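Participant: Sharing a structure with you now.
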Amino acid sequence: MGHRPELPPHLAMRSFTRSEGARGGLTISRMRAKDLYVPSREIRVPLGAQQSYRDRVRPYTELGVENYISHTSAAILHGIPMPYVHEQARSVHLTRPAGTMIPRRKGVTGHKRALSPEECTLVDGIPVTTPARTLLDLSAILTLGELVAAADHLICEHDRDFEAPKIAIVTAAGLRAYIASKRFIRGLGNAQAAMELMRVGVDSPPETRLRLLLQRAGLPEFTTNHRIPGAPGERTVFPDLACEEFRVCGEYEGEVHLTPEKQLFDRNRDMRTAARGWLQVKVFKKDMQRGDAWVAGMFREALREHGWNPG
């Protein structure tokens, strides 16, 4: 049995095209070896390669045709939160310009779109639809609640005294204007509805879900990015959700709150919140799993304690 040549270091741990392999000195027979997996024609993946998602999808844009990573695949590259089922999908979404052939190959979900130059960008050198265009494409795939969570992520910005300022990926005004400029696109109604429901200052999809379920329950409005100031020299409190009229606020306590440092921070936050006359409702994952009615009931009870009388 002949000795199998080692792969060049720059190809040994990531996906590559046959053209890349040839430029790296690999023969046709070497690229047919059993230590290389073929997810789609012209693409090779070293078995056992622990590569990033970026490295996995990059070769699909280097096959001699103008291809853009799009839809859920673009969302992953942009860091847009999506349900687990979409984050784990193996198929790569590729979009080609109008007037070309839809990509048809194993492991690819193909699309054809009339994209303007402003709807395309590069992520680490990979051609990808922009965050705004990606959200529009997601509107035909995600539920309204999931789409609102994605939009909340894109427009999130805040300036808090305990962390670095958060800059929006796309401004709320810019995203609304972009969606408003579109016509006759599948899922556009979903995107338009998401523009009405998205809010600035939301840090996670569970916070979006919490806000939307309180709204559906018919409770008084809870706003995001609210500030509860203290006396001069005291830190401001920034609750996830706040109802100023009845001085009731809500906090979603995810896994990030389990570290000793965060628990100490939260304890001090809770003390400042109570001292300023606010009633705080803390919601955990287990609460969310018990259903919307359970969580809404927690807030309903707190609101009534602070004077809300729905009649």
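To be explicit about the labels: the chains of the structure tokens are called A, B, and onward in the order shown, and within each one the residues are counted from 1, while ligands get numbers from 1 in the order they are shown.
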List the spatial neighbours of A:Asp161 as an NGL selection string - criterion: any atom at most 10 Å away, only C-alpha atoms, same-chain residues fewer than 3 positions off excluded.

Facilitator: :A and (158 or 164-165 or 235-238)

Participant: Hey, what does DSSP flag as strand (DSSP E) within stretch 36-225 of chain A? Can you give it to me as number ranges by chain?

Facilitator: A: 36-37, 43-46, 68-69, 92-97, 108-113, 120-123, 126-129

Participant: For those residues, write N, CA and C atoms to a file as a short mmCIF file (atom, residue, chain, number, x, y, z; two decimals), in the first residue's frame.

Facilitator:
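The file below, out07.cif, is the result:
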data_model
loop_
_atom_site.label_atom_id
_atom_site.label_comp_id
_atom_site.auth_asym_id
_atom_site.auth_seq_id
_atom_site.Cartn_x
_atom_site.Cartn_y
_atom_site.Cartn_z
N LEU A 36 -11.05 11.95 3.29
CA LEU A 36 -11.72 13.18 2.90
C LEU A 36 -13.20 12.88 2.63
N TYR A 37 -14.06 13.65 3.26
CA TYR A 37 -15.50 13.51 3.09
C TYR A 37 -15.96 14.47 1.99
N ILE A 43 -16.27 19.76 -3.30
CA ILE A 43 -15.88 20.18 -1.95
C ILE A 43 -15.38 18.98 -1.17
N ARG A 44 -14.31 19.18 -0.42
CA ARG A 44 -13.72 18.13 0.40
C ARG A 44 -13.59 18.62 1.85
N VAL A 45 -13.81 17.69 2.77
CA VAL A 45 -13.69 18.00 4.20
C VAL A 45 -12.84 16.92 4.86
N PRO A 46 -11.72 17.26 5.48
CA PRO A 46 -10.93 16.26 6.21
C PRO A 46 -11.75 15.63 7.32
N TYR A 68 -24.05 33.90 -2.70
CA TYR A 68 -24.07 34.59 -1.41
C TYR A 68 -24.67 33.65 -0.37
N ILE A 69 -24.01 33.55 0.78
CA ILE A 69 -24.60 32.84 1.90
C ILE A 69 -25.82 33.65 2.36
N VAL A 92 -26.80 24.30 3.52
CA VAL A 92 -26.30 25.66 3.39
C VAL A 92 -27.19 26.43 2.43
N HIS A 93 -27.68 27.59 2.85
CA HIS A 93 -28.51 28.43 1.98
C HIS A 93 -27.62 29.29 1.10
N LEU A 94 -27.81 29.16 -0.22
CA LEU A 94 -27.06 29.96 -1.18
C LEU A 94 -28.03 30.74 -2.05
N THR A 95 -27.74 32.02 -2.27
CA THR A 95 -28.54 32.86 -3.14
C THR A 95 -27.70 33.35 -4.29
N ARG A 96 -28.27 33.27 -5.48
CA ARG A 96 -27.62 33.81 -6.68
C ARG A 96 -28.46 34.96 -7.22
N PRO A 97 -27.84 35.86 -7.99
CA PRO A 97 -28.58 37.00 -8.53
C PRO A 97 -29.67 36.56 -9.50
N VAL A 108 -27.23 21.83 -0.29
CA VAL A 108 -27.50 23.25 -0.52
C VAL A 108 -29.00 23.47 -0.70
N THR A 109 -29.51 24.52 -0.08
CA THR A 109 -30.84 25.02 -0.37
C THR A 109 -30.66 26.28 -1.20
N GLY A 110 -31.07 26.22 -2.47
CA GLY A 110 -30.78 27.30 -3.40
C GLY A 110 -31.89 28.32 -3.53
N HIS A 111 -31.49 29.56 -3.80
CA HIS A 111 -32.42 30.66 -4.00
C HIS A 111 -31.89 31.54 -5.13
N LYS A 112 -32.81 32.31 -5.70
CA LYS A 112 -32.46 33.29 -6.72
C LYS A 112 -33.16 34.59 -6.35
N ARG A 113 -32.40 35.68 -6.21
CA ARG A 113 -32.96 36.95 -5.76
C ARG A 113 -32.33 38.10 -6.54
N CYS A 120 -25.64 43.17 0.13
CA CYS A 120 -24.59 42.16 0.21
C CYS A 120 -23.39 42.74 0.96
N THR A 121 -22.72 41.88 1.68
CA THR A 121 -21.55 42.31 2.44
C THR A 121 -20.56 41.15 2.53
N LEU A 122 -19.45 41.38 3.21
CA LEU A 122 -18.46 40.33 3.44
C LEU A 122 -18.32 40.08 4.93
N VAL A 123 -18.30 38.83 5.32
CA VAL A 123 -18.02 38.42 6.69
C VAL A 123 -16.76 37.56 6.65
N ILE A 126 -16.21 36.30 3.25
CA ILE A 126 -17.26 35.46 2.67
C ILE A 126 -18.42 36.34 2.22
N PRO A 127 -18.87 36.25 0.98
CA PRO A 127 -20.03 37.04 0.55
C PRO A 127 -21.32 36.56 1.22
N VAL A 128 -21.98 37.47 1.89
CA VAL A 128 -23.16 37.15 2.70
C VAL A 128 -24.19 38.26 2.50
N THR A 129 -25.47 37.90 2.60
CA THR A 129 -26.49 38.94 2.61
C THR A 129 -26.34 39.76 3.89
#

Participant: In Å to one decimal, how far is atom CA of A:Asp152 from atom CA of A:Ile169?

Facilitator: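 Pair atom CA of A:Ile169 / atom CA of A:Asp152 returns 10.2 Å.
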
Participant: Applying 10 Å and only C-alpha atoms, which residues near A:Leu7 remain after dropping the ones on its own chain fewer than 5 positions away? List them as an mmCIF file with C-alpha atoms, in the first residue's frame.

Facilitator:
data_model
loop_
_atom_site.group_PDB
_atom_site.id
_atom_site.type_symbol
_atom_site.label_atom_id
_atom_site.label_comp_id
_atom_site.auth_asym_id
_atom_site.auth_seq_id
_atom_site.Cartn_x
_atom_site.Cartn_y
_atom_site.Cartn_z
ATOM 1 C CA ALA A 12 -5.854 19.891 6.977
ATOM 2 C CA MET A 13 -8.541 21.195 9.347
ATOM 3 C CA GLY A 21 -6.661 21.314 -3.265
ATOM 4 C CA GLY A 24 -2.117 23.129 -2.720
ATOM 5 C CA GLY A 25 -0.445 20.297 -4.633
ATOM 6 C CA LEU A 26 -3.070 17.572 -4.131
ATOM 7 C CA ARG A 30 -5.370 12.168 -3.196
ATOM 8 C CA MET A 31 -8.630 14.098 -3.182
ATOM 9 C CA PRO A 46 -10.929 16.262 6.210
#

Participant: For stretch 79-196 of chain A versus stretch 213-226 of chain A, which residues have an atom no more than 10 Å away, and what is each residue's nearest atom pair and distance in Å rounded to one decimal, using only C-alpha atoms, chain-then-number order, as JSON lines?

Facilitator:
{"residue": "A:Gly145", "atom": "CA", "partner": "A:Leu213", "partner_atom": "CA", "distance": 9.6}
{"residue": "A:Cys156", "atom": "CA", "partner": "A:Asn225", "partner_atom": "CA", "distance": 9.4}
{"residue": "A:Glu157", "atom": "CA", "partner": "A:Asn225", "partner_atom": "CA", "distance": 8.7}
{"residue": "A:His158", "atom": "CA", "partner": "A:Asn225", "partner_atom": "CA", "distance": 7.1}
{"residue": "A:Asp159", "atom": "CA", "partner": "A:Asn225", "partner_atom": "CA", "distance": 9.4}
{"residue": "A:Arg160", "atom": "CA", "partner": "A:Asn225", "partner_atom": "CA", "distance": 9.7}

Participant: Go ahead and save the picked residues with N, CA, C and O atoms, as a compact mmCIF listing (two decimals), in the first residue's frame.

Facilitator:
# COMPACT_ATOMS: atom_id res chain seq x y z
N GLY A 145 -42.85 35.49 16.53
CA GLY A 145 -42.09 35.68 17.77
C GLY A 145 -40.60 35.49 17.56
O GLY A 145 -39.78 36.25 18.10
N CYS A 156 -30.48 46.13 19.02
CA CYS A 156 -30.15 46.34 20.43
C CYS A 156 -29.01 47.35 20.59
O CYS A 156 -27.96 47.21 19.98
N GLU A 157 -29.26 48.34 21.41
CA GLU A 157 -28.23 49.30 21.79
C GLU A 157 -28.56 49.85 23.17
O GLU A 157 -29.72 50.00 23.52
N HIS A 158 -27.54 50.12 23.95
CA HIS A 158 -27.74 50.74 25.26
C HIS A 158 -26.40 51.23 25.79
O HIS A 158 -25.33 50.81 25.32
N ASP A 159 -26.47 52.10 26.76
CA ASP A 159 -25.28 52.67 27.39
C ASP A 159 -25.49 52.60 28.89
O ASP A 159 -26.21 53.42 29.47
N ARG A 160 -24.90 51.61 29.53
CA ARG A 160 -25.09 51.35 30.95
C ARG A 160 -23.78 51.53 31.70
O ARG A 160 -22.71 51.27 31.15

Participant: Just to confirm, what's the straight-line distance from atom CA of A:Asp35 to atom CA of A:Pro59 in Å (one decimal)?

Facilitator: 18.2 Å

Participant: Where does DSSP see helix (DSSP H, G or I) in stretch 96-227 of chain A, if you list the residues as a VMD selection string?

Facilitator: chain A and resid 117 to 119 131 to 138 144 to 155 172 to 180 188 to 197 205 to 216

Participant: Find the residues around stretch 190-195 of chain A up to 6 Å (only C-alpha atoms counted), leave out those fewer than 2 positions away in its own chain, and share them as a list of chain:residue names.

Facilitator: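 Answer for this query is A:Ser139, A:Val148, A:Gly187, A:Leu188, A:Leu197, A:Met198.
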
Participant: Save the residues we just selected, C-alpha atoms, as a PDB file, in the first residue's frame?

Facilitator:
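Saved file out-v5.pdb follows:
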ATOM      1  CA  SER A 139     -39.408  36.340   7.629  1.00  0.00           C
ATOM      2  CA  VAL A 148     -39.081  39.672  16.583  1.00  0.00           C
ATOM      3  CA  GLY A 187     -42.918  36.729   4.251  1.00  0.00           C
ATOM      4  CA  LEU A 188     -43.054  40.522   3.988  1.00  0.00           C
ATOM      5  CA  LEU A 197     -43.242  44.586  17.845  1.00  0.00           C
ATOM      6  CA  MET A 198     -39.447  44.946  18.041  1.00  0.00           C
TER       7      MET A 198
END

Participant: Under the rule that only C-alpha atoms are counted, which of A:Ala231, A:Leu115, A:Ile179, A:Ile76 is the nearest residue to A:Ser52?

Facilitator: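 The shortest atom-to-atom distance to A:Ser52 comes from A:Ile76.
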
Participant: With only C-alpha atoms as the atoms that count, which of A:Cys243, A:Glu255, A:Arg183, A:Arg276 lies nearest to A:Ile228?

Facilitator: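 For A:Ile228, the nearest of the given residues is A:Arg276.
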
Participant: Between atom CA of A:Ala149 and atom CA of A:Thr259, what is the distance, to one decimal in Å?

Facilitator: 24.9 Å

Participant: Taking only C-alpha atoms into account, name the residue in A:Gly254, A:Gly174, A:Pro8, A:Gly64 that is nearest to A:Met288.

Facilitator: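 Smallest separation from A:Met288 among the options: A:Gly254.
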
Participant: Go through A:His3, A:Arg269, A:His78, A:Arg56 one by one, measure the shortest atom-to-atom distance of each to A:Ser15 using only C-alpha atoms, and give the residue with the smallest value.

Facilitator: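 Looking only at the distances to A:Ser15, the closest residue turns out to be A:Arg56.
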
Participant: Please provide as a PyMOL selection string all residues within 12 Å of A:Leu210, with the sequence filter that same-chain residues fewer than 6 positions apart are discarded (counting only C-alpha atoms).

Facilitator: chain A and resi 145+148-149+202-204+216-217+222-224+240-242+249-253+281-285+287-289+291-296+298-299

Participant: Based on the selection just made, write N, CA, C and O atoms of those residues as a compact mmCIF listing (two decimals), in the first residue's frame.

Facilitator:
# COMPACT_ATOMS: atom_id res chain seq x y z
N GLY A 145 -42.85 35.49 16.53
CA GLY A 145 -42.09 35.68 17.77
C GLY A 145 -40.60 35.49 17.56
O GLY A 145 -39.78 36.25 18.10
N VAL A 148 -39.22 38.51 15.70
CA VAL A 148 -39.08 39.67 16.58
C VAL A 148 -37.81 39.55 17.42
O VAL A 148 -37.07 40.53 17.60
N ALA A 149 -37.52 38.34 17.90
CA ALA A 149 -36.29 38.13 18.67
C ALA A 149 -35.06 38.44 17.82
O ALA A 149 -34.08 39.03 18.29
N VAL A 202 -33.15 45.03 24.07
CA VAL A 202 -33.41 43.64 24.47
C VAL A 202 -32.14 42.82 24.25
O VAL A 202 -31.59 42.80 23.16
N ASP A 203 -31.72 42.10 25.29
CA ASP A 203 -30.43 41.40 25.23
C ASP A 203 -30.51 39.93 24.86
O ASP A 203 -29.46 39.31 24.62
N SER A 204 -31.70 39.33 24.82
CA SER A 204 -31.76 37.89 24.54
C SER A 204 -33.15 37.50 24.06
O SER A 204 -34.15 38.17 24.38
N ARG A 216 -49.48 39.84 25.05
CA ARG A 216 -50.63 39.02 24.65
C ARG A 216 -51.61 38.82 25.80
O ARG A 216 -52.81 38.65 25.58
N ALA A 217 -51.09 38.82 27.03
CA ALA A 217 -51.94 38.61 28.20
C ALA A 217 -52.78 39.83 28.53
O ALA A 217 -53.62 39.78 29.44
N PHE A 222 -45.09 46.93 29.33
CA PHE A 222 -43.76 46.86 29.94
C PHE A 222 -42.76 47.29 28.88
O PHE A 222 -42.71 46.73 27.79
N THR A 223 -41.97 48.29 29.22
CA THR A 223 -41.02 48.84 28.26
C THR A 223 -39.62 48.26 28.48
O THR A 223 -39.29 47.76 29.56
N THR A 224 -38.80 48.36 27.44
CA THR A 224 -37.41 47.90 27.52
C THR A 224 -36.49 49.10 27.68
O THR A 224 -36.89 50.25 27.50
N ASP A 240 -34.84 44.43 32.81
CA ASP A 240 -35.15 43.94 31.48
C ASP A 240 -36.45 44.54 30.97
O ASP A 240 -36.55 44.94 29.80
N LEU A 241 -37.46 44.60 31.84
CA LEU A 241 -38.77 45.13 31.49
C LEU A 241 -39.26 45.98 32.65
O LEU A 241 -39.00 45.66 33.81
N ALA A 242 -40.00 47.03 32.35
CA ALA A 242 -40.46 47.91 33.42
C ALA A 242 -41.81 48.52 33.06
O ALA A 242 -42.04 48.94 31.92
N CYS A 249 -41.23 45.79 37.77
CA CYS A 249 -40.25 45.45 36.73
C CYS A 249 -40.02 43.95 36.69
O CYS A 249 -40.34 43.23 37.64
N GLY A 250 -39.48 43.49 35.58
CA GLY A 250 -39.23 42.06 35.39
C GLY A 250 -37.80 41.79 34.98
O GLY A 250 -37.20 42.57 34.23
N GLU A 251 -37.28 40.68 35.45
CA GLU A 251 -35.93 40.24 35.08
C GLU A 251 -36.00 38.78 34.65
O GLU A 251 -36.56 37.94 35.37
N TYR A 252 -35.43 38.48 33.45
CA TYR A 252 -35.28 37.09 33.06
C TYR A 252 -33.91 36.62 33.50
O TYR A 252 -32.88 37.19 33.11
N GLU A 253 -33.87 35.59 34.34
CA GLU A 253 -32.63 35.10 34.91
C GLU A 253 -32.16 33.86 34.16
O GLU A 253 -32.53 32.72 34.50
N VAL A 281 -40.17 41.22 39.60
CA VAL A 281 -40.58 39.84 39.31
C VAL A 281 -39.42 39.16 38.58
O VAL A 281 -39.02 39.61 37.50
N LYS A 282 -38.89 38.10 39.15
CA LYS A 282 -37.78 37.37 38.54
C LYS A 282 -38.31 36.10 37.90
O LYS A 282 -39.00 35.30 38.54
N VAL A 283 -38.01 35.93 36.63
CA VAL A 283 -38.52 34.81 35.84
C VAL A 283 -37.35 33.90 35.47
O VAL A 283 -36.33 34.38 34.94
N PHE A 284 -37.52 32.61 35.71
CA PHE A 284 -36.49 31.63 35.40
C PHE A 284 -36.96 30.73 34.26
O PHE A 284 -38.14 30.73 33.89
N LYS A 285 -36.04 29.96 33.73
CA LYS A 285 -36.36 29.06 32.62
C LYS A 285 -37.50 28.12 32.99
O LYS A 285 -38.39 27.84 32.18
N ASP A 287 -39.92 28.67 34.98
CA ASP A 287 -41.18 29.41 34.92
C ASP A 287 -41.70 29.46 33.48
O ASP A 287 -42.89 29.24 33.23
N MET A 288 -40.81 29.75 32.55
CA MET A 288 -41.21 29.83 31.14
C MET A 288 -41.72 28.48 30.66
O MET A 288 -42.66 28.40 29.85
N GLN A 289 -41.13 27.40 31.15
CA GLN A 289 -41.55 26.06 30.73
C GLN A 289 -42.94 25.72 31.25
O GLN A 289 -43.62 24.84 30.70
N GLY A 291 -45.43 27.66 31.09
CA GLY A 291 -46.40 28.23 30.17
C GLY A 291 -46.65 29.71 30.36
O GLY A 291 -46.35 30.28 31.41
N ASP A 292 -47.23 30.30 29.33
CA ASP A 292 -47.48 31.73 29.33
C ASP A 292 -48.41 32.16 30.46
O ASP A 292 -48.20 33.21 31.08
N ALA A 293 -49.45 31.37 30.72
CA ALA A 293 -50.43 31.75 31.74
C ALA A 293 -49.77 31.84 33.11
O ALA A 293 -50.09 32.74 33.91
N TRP A 294 -48.86 30.93 33.39
CA TRP A 294 -48.17 30.95 34.68
C TRP A 294 -47.33 32.22 34.84
O TRP A 294 -47.39 32.89 35.85
N VAL A 295 -46.55 32.53 33.81
CA VAL A 295 -45.68 33.70 33.88
C VAL A 295 -46.50 34.98 33.94
O VAL A 295 -46.22 35.88 34.73
N ALA A 296 -47.53 35.08 33.11
CA ALA A 296 -48.38 36.26 33.14
C ALA A 296 -49.03 36.42 34.50
O ALA A 296 -49.19 37.55 34.99
N MET A 298 -47.71 35.67 37.38
CA MET A 298 -46.72 36.24 38.29
C MET A 298 -46.73 37.76 38.20
O MET A 298 -46.69 38.46 39.23
N PHE A 299 -46.79 38.28 36.99
CA PHE A 299 -46.79 39.73 36.81
C PHE A 299 -48.15 40.33 37.18
O PHE A 299 -48.21 41.43 37.72

Participant: Given the choices A:Val200, A:Leu136, A:Leu142, A:Leu11, which gets closest to A:Ala180 if the distance is worked out from only C-alpha atoms?

Facilitator: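 For A:Ala180, the nearest of the given residues is A:Leu136.
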
Participant: Quick one: everything within 7 Å of A:Ser40, counting only C-alpha atoms, minus sequence neighbours fewer than 4 positions away in the same chain. Send it as a PyMOL selection string.

Facilitator: chain A and resi 105-107

Participant: Which residue is closest to A:Lys286? Choose from A:Gln263, A:Pro206, A:Pro117, A:Leu77 and count only C-alpha atoms.

Facilitator: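 Ranked by minimum distance to A:Lys286, first place goes to A:Pro206.
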